[in-house]
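Read through the structure below, which is laid out as structure tokens, and then see the notes.
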Amino acid sequence: MPCPSVVHTVVPLHTWVLISNFKLSYNILRRADGTFERDLGEYLDRRVPANARPLEGVSSFDHIIDQSVGLEVRIYRAAAEGDAEEGAAAVTRPILEFLTDAPAAEPFPVIIFFHGGSFVHSSASSTIYDSLCRRFVKLSKGVVVSVNYRRAPEHRYPCAYDDGWTALKWVMSQPFMRSGGDAQARVFLSGDSSGGNIAHHVAVRAADEGVKVCGNILLNAMFGGTERTESERRLDGKYFVTLQDRDWYWKAYLPEDADRDHPACNPFGPNGRRLGGLPFAKSLIIVSGLDLTCDRQLAYADALREDGHHVKVVQCENATVGFYLLPNTVHYHEVMEEISDFLNANLYY
């Protein structure tokens, strides 16, 4: 379904400033030889700490789930009644009680979120993603687990997918993530840009291994291929992103001898795999009409449908990449409502 059109202002000023600043810093950080200015990138990434003390009704804390690779997640939840203690107890007690909770009687969703950044930039503590995860908690009344996966080019394929799988297995193993009469973890996989790509590949592995996922929520998921699409040619460089940028990121993430028809980049391409007959989760796919890879996202949705899977596409014709990061367009509010409806409709097995 299409989002409502916004005729007068395609890109609000705040969004333009936000994404233009990212674009400027990204251009500084990428090196021509395929390496990356990681130390400077960490310095420039605007981050916020976790807050065990509730902020606007949501608390969060960081937790390492795999010591061997230092894999950390940031867990968000709605503040419980009585979380207004002071001093050290206000920080430690809510976390300890949450981590040792028994399954809840009332069903709630657990959204495993993978941040964007083209496999290279950003983190679970980046301000833009911290804000988005808090929004997800408020609209879902559930828990969000934001995964601080290892990034390229230091950690190439399949590190991000492996970290996503580790996060899913960890969530499934935790009693406090379970809910409802059947005491099951009601997991949704979500992500934007590279995070949407990760969500897809983790969902495929889950289907292969019989791990139940309630749904996938992909926002401007990052896919590619060697042959250029019409939207890639038409929108190259017009709304923040260039094909040269995208090619650099794929080269940084994929195996060194791979091209963009590698299944990680082009999952239904000539070297990919079709998913007919696989118990693949339902998908909500958010597409920005001014994202140069929008044709790829729509083709991805078509391929899932052809393989017999349930897909809902929300196409926002006048939206750019990252429109869901700021609540300043009708697209943002429309998409948040769609996500809320999708979570509610698929919460029960």
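The chains in the structure tokens are called A, B, ... from first to last as shown; in each chain the residues are counted from 1, and the ligands are counted from 1 in the order shown.
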Tell me which protein, DNA and RNA residues are within 9 Å of Val204 of chain A, counting only C-alpha atoms, leaving out same-chain ones fewer than 3 positions away, and put them as a PyMOL selection string. chain A and resi 199-201+207-209+275+278-281
Those selected residues, please, written with N, CA, C and O atoms and delivered as a compact mmCIF listing (two decimals), in the first residue's frame.
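So the final result, stored in again17.txt, reads:
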```txt
# COMPACT_ATOMS: atom_id res chain seq x y z
N ALA A 199 18.40 -8.87 9.21
CA ALA A 199 17.15 -9.48 9.67
C ALA A 199 16.69 -10.56 8.70
O ALA A 199 16.24 -11.65 9.12
N HIS A 200 16.78 -10.30 7.40
CA HIS A 200 16.38 -11.31 6.40
C HIS A 200 17.20 -12.58 6.56
O HIS A 200 16.65 -13.70 6.62
N HIS A 201 18.51 -12.44 6.60
CA HIS A 201 19.37 -13.63 6.62
C HIS A 201 19.23 -14.40 7.93
O HIS A 201 19.30 -15.64 7.92
N ALA A 207 14.23 -20.16 9.93
CA ALA A 207 13.30 -21.06 9.25
C ALA A 207 13.96 -22.40 8.97
O ALA A 207 13.34 -23.46 9.12
N ASP A 208 15.22 -22.38 8.55
CA ASP A 208 15.96 -23.62 8.28
C ASP A 208 16.07 -24.50 9.53
O ASP A 208 15.99 -25.72 9.44
N GLU A 209 16.25 -23.87 10.67
CA GLU A 209 16.54 -24.62 11.90
C GLU A 209 15.33 -24.76 12.82
O GLU A 209 15.45 -25.19 13.96
N LEU A 275 12.94 -19.54 -1.49
CA LEU A 275 12.47 -19.95 -0.17
C LEU A 275 11.13 -20.67 -0.20
O LEU A 275 10.45 -20.78 0.82
N LEU A 278 9.68 -23.22 2.63
CA LEU A 278 10.31 -22.95 3.91
C LEU A 278 9.34 -22.19 4.81
O LEU A 278 8.62 -21.30 4.34
N PRO A 279 9.27 -22.51 6.10
CA PRO A 279 8.35 -21.80 7.00
C PRO A 279 8.89 -20.41 7.36
O PRO A 279 9.21 -20.13 8.52
N PHE A 280 8.97 -19.56 6.37
CA PHE A 280 9.54 -18.22 6.53
C PHE A 280 8.48 -17.29 7.13
O PHE A 280 7.30 -17.34 6.77
N ALA A 281 8.91 -16.43 8.04
CA ALA A 281 7.98 -15.56 8.76
C ALA A 281 7.32 -14.54 7.84
O ALA A 281 7.85 -14.17 6.79
```
Considering only helix (DSSP H, G or I) as DSSP defines it on the backbone, what residues of segment 116-338 of chain A qualify? List them as a PyMOL selection string. chain A and resi 127-140+159-173+175-177+194-208+230-235+243-253+294-306+323-325+330-338
Which residue gives the smallest distance to Arg178 of chain A among A:Ala124, A:Val110, A:Ala203, A:Ile28, with only C-alpha atoms counted? A:Val110
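Between atom CA of Pro267 of chain A and atom CA of Tyr239 of chain A there is a distance of 25.1 Å.
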Just the residues within 9 Å of Leu290 of chain A, please, counting only C-alpha atoms, with nothing from its chain fewer than 4 positions along; format it as number ranges by chain. A: 231, 235, 238-239, 294, 316-321
Atoms kept (N, CA, C and O atoms) for selection, written as a compact mmCIF listing (two decimals), in the first residue's frame:
```
# COMPACT_ATOMS: atom_id res chain seq x y z
N SER A 231 15.73 2.33 -10.73
CA SER A 231 15.76 3.33 -9.65
C SER A 231 17.20 3.68 -9.27
O SER A 231 17.48 4.83 -8.89
N LEU A 235 18.06 7.58 -9.49
CA LEU A 235 18.21 8.30 -8.22
C LEU A 235 19.66 8.38 -7.73
O LEU A 235 19.91 8.89 -6.63
N LYS A 238 20.98 11.64 -6.01
CA LYS A 238 19.97 12.69 -5.90
C LYS A 238 19.44 12.89 -4.48
O LYS A 238 19.05 13.99 -4.12
N TYR A 239 19.39 11.83 -3.68
CA TYR A 239 18.89 11.96 -2.31
C TYR A 239 19.85 11.24 -1.36
O TYR A 239 19.59 10.15 -0.90
N CYS A 294 15.17 1.26 -4.06
CA CYS A 294 13.76 0.90 -3.84
C CYS A 294 13.31 -0.22 -4.78
O CYS A 294 12.52 -1.08 -4.38
N CYS A 316 6.37 4.40 0.49
CA CYS A 316 6.24 5.84 0.72
C CYS A 316 6.93 6.58 -0.42
O CYS A 316 8.16 6.76 -0.40
N GLU A 317 6.16 7.00 -1.40
CA GLU A 317 6.72 7.50 -2.65
C GLU A 317 7.63 8.71 -2.46
O GLU A 317 8.63 8.86 -3.13
N ASN A 318 7.28 9.60 -1.53
CA ASN A 318 8.04 10.83 -1.36
C ASN A 318 8.96 10.81 -0.14
O ASN A 318 9.35 11.86 0.37
N ALA A 319 9.31 9.63 0.32
CA ALA A 319 10.19 9.50 1.48
C ALA A 319 11.61 9.17 1.04
O ALA A 319 11.82 8.46 0.04
N THR A 320 12.58 9.67 1.79
CA THR A 320 13.98 9.38 1.54
C THR A 320 14.48 8.34 2.55
O THR A 320 13.76 7.96 3.47
N VAL A 321 15.73 7.93 2.39
CA VAL A 321 16.33 7.06 3.39
C VAL A 321 16.28 7.76 4.74
O VAL A 321 16.42 8.97 4.84
```
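A straight line drawn from atom CA of Asn27 of chain A to atom CA of Gly117 of chain A is 12.8 Å long.
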Between segment 91-179 of chain A and segment 337-347 of chain A, at 12 Å or less, what are the per-residue closest atom pairs and their distances in Å? Count only C-alpha atoms, order by chain and rising residue number, and return it as a tab-separated table.
```
residue	atom	partner	partner_atom	distance
A:Glu106	CA	A:Leu347	CA	11.1
A:Pro107	CA	A:Leu347	CA	7.5
A:Phe108	CA	A:Leu347	CA	7.3
A:Pro109	CA	A:Leu347	CA	6.4
A:Val110	CA	A:Leu347	CA	9.6
A:Ile111	CA	A:Leu343	CA	9.3
A:Arg135	CA	A:Ser340	CA	10.5
A:Phe136	CA	A:Ser340	CA	8.3
A:Val137	CA	A:Ser340	CA	10.1
A:Lys138	CA	A:Ser340	CA	9.6
A:Leu139	CA	A:Ser340	CA	5.9
A:Ser140	CA	A:Ser340	CA	6.0
A:Lys141	CA	A:Ser340	CA	9.6
A:Gly142	CA	A:Leu343	CA	9.8
A:Val143	CA	A:Leu343	CA	12.0
A:Ser179	CA	A:Leu347	CA	10.5
```
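The spacing separating atom CA of Leu99 of chain A from atom CA of Pro175 of chain A amounts to 8.5 Å.
With only C-alpha atoms as the atoms that count, the minimum distance from Phe114 of chain A to the choices A:Phe188, A:Phe36, A:Tyr26, A:Tyr157 is reached by A:Phe188.
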May I have the residues within 10 Å of Arg150 of chain A as a PyMOL selection string, using only C-alpha atoms and disregarding those fewer than 3 positions away in the same chain? chain A and resi 69-72+119-120+123+147+153-164
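Counting only C-alpha atoms, the residue from A:Leu219, A:Leu168, A:Val187, A:Leu96 that sits nearest to Arg205 of chain A is A:Leu168.
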